[in-house]
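Below is start-v4.json, which holds JSON, C-alpha atoms.
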[["chain", "number", "residue", "atom", "x", "y", "z"],
["A", 1, "TYR", "CA", 114.41, 140.82, 113.84],
["A", 2, "MET", "CA", 110.97, 142.37, 114.32],
["A", 3, "ALA", "CA", 112.19, 145.56, 112.64],
["A", 4, "TYR", "CA", 113.46, 143.42, 109.76],
["A", 5, "MET", "CA", 110.07, 141.71, 109.40],
["A", 6, "VAL", "CA", 108.36, 145.13, 109.27],
["A", 7, "ASN", "CA", 110.79, 147.11, 107.13],
["A", 8, "GLU", "CA", 112.22, 144.46, 104.81],
["A", 9, "LEU", "CA", 109.56, 141.75, 104.60],
["A", 10, "GLY", "CA", 106.52, 143.97, 105.07],
["A", 11, "ASN", "CA", 104.96, 141.47, 107.51],
["A", 12, "GLY", "CA", 101.80, 142.41, 109.39],
["A", 13, "LEU", "CA", 101.30, 142.12, 113.14],
["A", 14, "THR", "CA", 99.85, 138.61, 112.97],
["A", 15, "THR", "CA", 102.78, 137.23, 110.94],
["A", 16, "GLN", "CA", 105.26, 138.91, 113.30],
["A", 17, "ARG", "CA", 103.47, 137.38, 116.27],
["A", 18, "TYR", "CA", 103.57, 133.84, 114.87],
["A", 19, "SER", "CA", 107.24, 134.15, 113.87],
["A", 20, "ILE", "CA", 108.25, 135.26, 117.38],
["A", 21, "MET", "CA", 106.06, 132.55, 118.94],
["A", 22, "ILE", "CA", 107.98, 129.89, 117.00],
["A", 23, "LEU", "CA", 111.30, 131.27, 118.24],
["A", 24, "ALA", "CA", 109.91, 131.47, 121.78],
["A", 25, "ILE", "CA", 108.96, 127.79, 121.68],
["A", 26, "MET", "CA", 112.50, 126.91, 120.59],
["A", 27, "PHE", "CA", 113.97, 128.89, 123.51],
["A", 28, "LYS", "CA", 111.56, 127.27, 126.00],
["A", 29, "GLU", "CA", 112.51, 123.80, 124.77],
["A", 30, "ALA", "CA", 116.20, 124.71, 125.03],
["A", 31, "ILE", "CA", 115.67, 125.89, 128.63],
["A", 32, "LYS", "CA", 113.70, 122.75, 129.46],
["A", 33, "GLU", "CA", 116.59, 120.60, 128.20],
["A", 34, "ASP", "CA", 119.18, 122.69, 130.10],
["A", 35, "ILE", "CA", 120.86, 123.84, 126.89],
["A", 36, "ILE", "CA", 120.58, 127.48, 127.98],
["A", 37, "PRO", "CA", 119.78, 129.05, 131.38],
["A", 38, "PRO", "CA", 116.29, 130.58, 131.97],
["A", 39, "HIS", "CA", 117.63, 134.14, 132.17],
["A", 40, "MET", "CA", 118.58, 133.93, 128.45],
["A", 41, "TYR", "CA", 114.92, 133.80, 127.44],
["A", 42, "PRO", "CA", 114.57, 137.09, 125.45],
["A", 43, "PHE", "CA", 110.83, 137.33, 124.92],
["A", 44, "SER", "CA", 109.44, 137.96, 128.40],
["A", 45, "LYS", "CA", 109.05, 141.74, 127.87],
["A", 46, "ILE", "CA", 107.87, 141.64, 124.27],
["A", 47, "LYS", "CA", 104.18, 142.34, 123.70],
["A", 48, "LEU", "CA", 102.80, 140.47, 120.71],
["A", 49, "THR", "CA", 99.66, 141.68, 118.98],
["A", 50, "ARG", "CA", 97.76, 140.53, 115.93],
["A", 51, "ASN", "CA", 95.86, 142.32, 113.18],
["A", 52, "ASN", "CA", 92.15, 142.79, 113.71],
["A", 53, "SER", "CA", 90.38, 140.63, 111.15],
["A", 54, "SER", "CA", 86.76, 140.16, 110.27],
["A", 55, "ARG", "CA", 85.49, 137.03, 108.60],
["A", 56, "SER", "CA", 82.57, 137.34, 106.24],
["A", 57, "PHE", "CA", 79.66, 134.92, 106.30],
["A", 58, "LEU", "CA", 76.03, 134.72, 105.20],
["A", 59, "ASN", "CA", 73.32, 135.09, 107.81],
["A", 60, "LYS", "CA", 70.10, 133.06, 107.75],
["A", 61, "GLU", "CA", 68.25, 135.62, 105.63],
["A", 62, "GLN", "CA", 71.05, 135.81, 103.05],
["A", 63, "ILE", "CA", 71.21, 132.02, 102.85],
["A", 64, "GLN", "CA", 67.48, 131.92, 102.15],
["A", 65, "ASP", "CA", 67.80, 134.68, 99.53],
["A", 66, "LEU", "CA", 70.50, 132.62, 97.83],
["A", 67, "LEU", "CA", 68.28, 129.53, 97.90],
["A", 68, "ASP", "CA", 65.39, 131.48, 96.40],
["A", 69, "LEU", "CA", 67.35, 132.61, 93.33],
["A", 70, "ASN", "CA", 66.19, 131.03, 90.08],
["A", 71, "PHE", "CA", 68.79, 129.83, 87.59],
["A", 72, "LYS", "CA", 68.63, 127.94, 84.34],
["A", 73, "PRO", "CA", 68.48, 124.23, 85.28],
["A", 74, "GLY", "CA", 71.88, 122.61, 84.90],
["A", 75, "SER", "CA", 73.73, 125.93, 84.55],
["A", 76, "ILE", "CA", 77.07, 126.55, 86.26],
["A", 77, "SER", "CA", 75.39, 129.27, 88.32],
["A", 78, "GLU", "CA", 72.88, 126.78, 89.69],
["A", 79, "ILE", "CA", 75.50, 124.10, 90.36],
["A", 80, "ALA", "CA", 77.86, 126.56, 92.07],
["A", 81, "ARG", "CA", 75.01, 127.87, 94.26],
["A", 82, "ASP", "CA", 73.87, 124.36, 95.16],
["A", 83, "MET", "CA", 77.40, 123.21, 96.04],
["A", 84, "PHE", "CA", 77.89, 126.31, 98.20],
["A", 85, "ILE", "CA", 74.61, 125.79, 100.08],
["A", 86, "PHE", "CA", 75.32, 122.07, 100.39],
["A", 87, "SER", "CA", 78.68, 122.80, 102.02],
["A", 88, "ILE", "CA", 76.99, 125.00, 104.63],
["A", 89, "TYR", "CA", 74.59, 122.22, 105.59],
["A", 90, "ALA", "CA", 77.09, 119.36, 105.30],
["A", 91, "GLY", "CA", 79.57, 120.45, 107.95],
["A", 92, "GLY", "CA", 81.46, 123.13, 106.03],
["A", 93, "LEU", "CA", 83.11, 120.86, 103.49],
["A", 94, "ARG", "CA", 85.85, 122.43, 101.37],
["A", 95, "PHE", "CA", 85.32, 122.78, 97.62],
["A", 96, "SER", "CA", 87.77, 119.93, 96.95],
["A", 97, "ASP", "CA", 85.63, 117.58, 99.04],
["A", 98, "VAL", "CA", 82.29, 118.71, 97.63],
["A", 99, "VAL", "CA", 83.42, 118.37, 94.02],
["A", 100, "ASP", "CA", 85.00, 115.03, 94.95],
["A", 101, "LEU", "CA", 81.82, 113.74, 96.64],
["A", 102, "GLN", "CA", 80.74, 110.40, 95.18],
["A", 103, "HIS", "CA", 77.57, 108.37, 95.59],
["A", 104, "GLN", "CA", 79.46, 105.82, 97.70],
["A", 105, "HIS", "CA", 80.15, 108.56, 100.28],
["A", 106, "PHE", "CA", 76.47, 109.01, 101.05],
["A", 107, "ASN", "CA", 74.49, 106.62, 103.24],
["A", 108, "THR", "CA", 70.86, 107.07, 102.16],
["A", 109, "GLU", "CA", 69.35, 105.17, 105.09],
["A", 110, "GLU", "CA", 71.21, 107.23, 107.70],
["A", 111, "SER", "CA", 71.25, 110.50, 105.69],
["A", 112, "ARG", "CA", 74.94, 110.63, 106.48],
["A", 113, "ILE", "CA", 78.10, 111.60, 104.58],
["A", 114, "LYS", "CA", 81.17, 109.52, 105.26],
["A", 115, "LYS", "CA", 84.35, 110.37, 103.37],
["A", 116, "VAL", "CA", 88.04, 111.01, 103.94],
["A", 117, "ILE", "CA", 88.87, 114.72, 103.72],
["A", 118, "ARG", "CA", 91.51, 115.43, 101.08],
["A", 119, "LYS", "CA", 93.48, 118.07, 102.99],
["A", 120, "THR", "CA", 93.67, 116.41, 106.41],
["A", 121, "ALA", "CA", 93.18, 112.73, 105.47],
["A", 122, "ARG", "CA", 90.67, 112.51, 108.33],
["A", 123, "LEU", "CA", 87.32, 110.77, 108.15],
["A", 124, "HIS", "CA", 84.43, 113.23, 107.92],
["A", 125, "GLN", "CA", 81.04, 111.99, 109.10],
["A", 126, "PHE", "CA", 78.05, 114.30, 109.12],
["A", 127, "LYS", "CA", 74.35, 113.61, 109.45],
["A", 128, "MET", "CA", 72.53, 116.00, 107.14],
["A", 129, "GLY", "CA", 69.29, 117.89, 107.47],
["A", 130, "THR", "CA", 66.55, 118.72, 105.00],
["A", 131, "VAL", "CA", 68.34, 121.44, 103.01],
["A", 132, "ALA", "CA", 71.38, 119.30, 102.18],
["A", 133, "LEU", "CA", 69.20, 116.26, 101.47],
["A", 134, "ASN", "CA", 67.03, 118.25, 99.06],
["A", 135, "ILE", "CA", 70.12, 119.31, 97.14],
["A", 136, "LEU", "CA", 71.40, 115.73, 96.98],
["A", 137, "SER", "CA", 68.04, 114.47, 95.73],
["A", 138, "LYS", "CA", 68.18, 117.11, 93.00],
["A", 139, "TYR", "CA", 71.39, 115.54, 91.67],
["A", 140, "HIS", "CA", 70.44, 111.95, 92.39],
["A", 141, "ASN", "CA", 70.88, 109.49, 89.55],
["A", 142, "GLU", "CA", 69.42, 106.02, 90.02],
["A", 143, "ASN", "CA", 71.78, 104.57, 87.42],
["A", 144, "ALA", "CA", 74.88, 106.12, 88.96],
["A", 145, "GLU", "CA", 77.88, 103.97, 89.83],
["A", 146, "ALA", "CA", 79.37, 104.08, 93.32],
["A", 147, "ASN", "CA", 82.34, 106.22, 92.22],
["A", 148, "ASP", "CA", 80.29, 108.65, 90.11],
["A", 149, "PHE", "CA", 80.38, 112.25, 91.31],
["A", 150, "ILE", "CA", 77.23, 113.76, 92.78],
["A", 151, "PHE", "CA", 77.83, 117.28, 91.43],
["A", 152, "PRO", "CA", 78.50, 117.50, 87.67],
["A", 153, "ILE", "CA", 81.63, 119.65, 87.72],
["A", 154, "VAL", "CA", 84.13, 116.94, 86.83],
["A", 155, "LYS", "CA", 83.34, 115.91, 83.27],
["A", 156, "ASN", "CA", 86.01, 113.25, 82.75],
["A", 157, "LYS", "CA", 86.03, 110.72, 85.58],
["A", 158, "GLU", "CA", 88.80, 108.59, 84.05],
["A", 159, "LEU", "CA", 91.10, 111.60, 83.70],
["A", 160, "TYR", "CA", 90.30, 112.73, 87.24],
["A", 161, "PHE", "CA", 91.44, 109.43, 88.73],
["A", 162, "LYS", "CA", 94.56, 109.25, 86.54],
["A", 163, "ASN", "CA", 96.93, 110.66, 89.18],
["A", 164, "GLU", "CA", 97.05, 113.18, 92.04],
["A", 165, "GLU", "CA", 98.59, 115.95, 89.95],
["A", 166, "THR", "CA", 95.80, 115.77, 87.36],
["A", 167, "LYS", "CA", 93.20, 115.54, 90.10],
["A", 168, "HIS", "CA", 94.59, 118.68, 91.77],
["A", 169, "LYS", "CA", 94.52, 120.63, 88.49],
["A", 170, "ILE", "CA", 90.91, 119.64, 87.81],
["A", 171, "ILE", "CA", 89.86, 120.65, 91.33],
["A", 172, "GLU", "CA", 91.65, 124.01, 91.06],
["A", 173, "SER", "CA", 90.05, 124.68, 87.67],
["A", 174, "GLY", "CA", 86.60, 123.83, 89.04],
["A", 175, "ASN", "CA", 87.17, 126.03, 92.07],
["A", 176, "VAL", "CA", 88.10, 129.03, 89.91],
["A", 177, "LEU", "CA", 85.06, 128.43, 87.71],
["A", 178, "CYS", "CA", 82.61, 128.19, 90.62],
["A", 179, "ASN", "CA", 84.09, 131.21, 92.39],
["A", 180, "THR", "CA", 83.72, 133.27, 89.21],
["A", 181, "TYR", "CA", 80.00, 132.52, 89.15],
["A", 182, "LEU", "CA", 79.61, 132.93, 92.92],
["A", 183, "ARG", "CA", 81.12, 136.41, 92.72],
["A", 184, "LYS", "CA", 78.58, 137.33, 90.05],
["A", 185, "ILE", "CA", 75.76, 135.97, 92.20],
["A", 186, "GLY", "CA", 77.05, 137.89, 95.21],
["A", 187, "LYS", "CA", 77.05, 141.14, 93.22],
["A", 188, "GLU", "CA", 73.49, 140.50, 92.04],
["A", 189, "MET", "CA", 72.46, 139.95, 95.67],
["A", 190, "LYS", "CA", 74.31, 143.17, 96.61],
["A", 191, "LEU", "CA", 76.23, 141.41, 99.37],
["A", 192, "PRO", "CA", 78.66, 143.69, 101.26],
["A", 193, "PHE", "CA", 81.51, 141.24, 100.57],
["A", 194, "SER", "CA", 82.79, 139.14, 97.69],
["A", 195, "LEU", "CA", 81.11, 135.74, 97.62],
["A", 196, "SER", "CA", 83.50, 132.81, 97.35],
["A", 197, "PHE", "CA", 83.19, 129.11, 98.09],
["A", 198, "HIS", "CA", 85.40, 129.37, 101.17],
["A", 199, "LEU", "CA", 82.74, 131.53, 102.83],
["A", 200, "SER", "CA", 80.55, 128.44, 103.06],
["A", 201, "ARG", "CA", 82.92, 127.18, 105.79],
["A", 202, "HIS", "CA", 82.69, 130.47, 107.70],
["A", 203, "THR", "CA", 78.92, 130.46, 107.25],
["A", 204, "PHE", "CA", 78.58, 126.90, 108.55],
["A", 205, "ALA", "CA", 80.74, 127.61, 111.61],
["A", 206, "THR", "CA", 79.16, 130.95, 112.47],
["A", 207, "ASN", "CA", 75.57, 129.76, 112.10],
["A", 208, "ALA", "CA", 76.36, 126.58, 114.01],
["A", 209, "LEU", "CA", 77.67, 128.68, 116.90]]
For this file, produce the structure as structure tokens.
Amino acid sequence: YMAYMVNELGNGLTTQRYSIMILAIMFKEAIKEDIIPPHMYPFSKIKLTRNNSSRSFLNKEQIQDLLDLNFKPGSISEIARDMFIFSIYAGGLRFSDVVDLQHQHFNTEESRIKKVIRKTARLHQFKMGTVALNILSKYHNENAEANDFIFPIVKNKELYFKNEETKHKIIESGNVLCNTYLRKIGKEMKLPFSLSFHLSRHTFATNAL
């Protein structure tokens, strides 16, 4: 089976490892329930390895360099940069949750975000510091309704709330757009990796550690 994964499927070491682990769990459960005897467990002598991977992230100096960049006010470049930085300082929110962030999700008195995460359906609560608050104040609108979006990526609120399929398409389109501009910004900064919105999550986690 491992030879098949390598030769036919072209799977890497990490994928092979996870596939075998799933089978191993099934065998252990079968042994636990006395469906098969323990000596039939076939994985005891198999060594499982994973691919070495390196996750890119921005260090403190690179974050500051990104903050110091000047863009035309209201441009996509500026909005994409601000959303990226905001994610870093708001608990590593995914793009779908940053673009979906509404005024009702932000408690001004407590400087706290409180919203249900789209992917996991879990409640995200995060008390924000100065950097994130400065970005929010930049996009603050006193006349905004509770369900208005904080970041002006979604142009048609009625269409966005029409159904989940439409919402997903709008989010994907916005993600592609922002990543296009982030890649350009990353090249201008001469970063040693391609800048994408997902790196805000890595950057949050790494700098938090």
Item to check | Long-range neighbours of range 154-158 of chain A as an MDAnalysis selection string, 10 Å cut-off, all atoms listed in the file, 3 positions minimum in chain | outcome: chainID A and resid 99:100 147:151 161:163 167 170:171 173:174
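For the point (84.8, 132.1, 103.1), the residues with at least one atom inside 12 Å, counting all atoms listed in the file, are Ser54, Arg55, Ser56, Phe57, Leu58, Phe84, Ser87, Ile88, Gly92, Leu93, Arg94, Phe95, Asn179, Leu182, Arg183, Phe193, Ser194, Leu195, Ser196, Phe197, His198, Leu199, Ser200, Arg201, His202, Thr203, Phe204, Ala205 and Thr206 of chain A.
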Item to check | Between CA of Ile85 in chain A and CA of Tyr160 in chain A - distance in Å to one decimal | outcome: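 Between CA of Tyr160 in chain A and CA of Ile85 in chain A the gap is 24.1 Å.
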Next on the checklist: Residues near Lys127 in chain A, anyone? I mean within 7 Å using only C-alpha atoms, not counting same-chain ones fewer than 4 positions away, as a VMD selection string.
Outcome noted: chain A and resid 111 to 113
Checklist entry - At what distance in Å, to one decimal, does CA of Ala146 in chain A lie from CA of His105 in chain A? => result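 CA of His105 in chain A sits 8.3 Å away from CA of Ala146 in chain A.
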Name the residues in contact with Phe86 in chain A at a cut-off of 7 Å, using all atoms listed in the file, excluding same-chain residues fewer than 4 positions from it; report them as a compact mmCIF listing (two decimals) with C-alpha atoms, in the coordinates of the input.
# COMPACT_ATOMS: atom_id res chain seq x y z
CA ASP A 82 73.87 124.36 95.16
CA ALA A 90 77.09 119.36 105.30
CA ALA A 132 71.38 119.30 102.18
CA ILE A 135 70.12 119.31 97.14
Item to check | Separation of CA of Asn141 in chain A from CA of Val98 in chain A in Å | outcome: 16.7 Å
Item to check | Distance criterion (all atoms listed in the file): nearest to Lys28 in chain A out of A:Asn175, A:Glu164, A:Tyr181, A:Tyr41 | outcome: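 Closest to Lys28 in chain A, using all atoms listed in the file: A:Tyr41.
When all atoms listed in the file are used to compute distances to Lys115 in chain A, the closest of the residues A:Ala144, A:Leu177, A:Leu101, A:Ile76 turns out to be A:Leu101.
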Next on the checklist: Applying 10 Å and all atoms listed in the file, which residues near Ile20 in chain A remain after dropping the ones on its own chain fewer than 2 positions away? List them as an MDAnalysis selection string.
Outcome noted: chainID A and resid 1:2 15:18 22:26 43 46 48
Checklist entry - Quick one: of A:Asp97, A:Glu78, A:Glu110, A:Glu165, who's nearest to Cys178 in chain A, counting all atoms listed in the file? => result A:Glu78
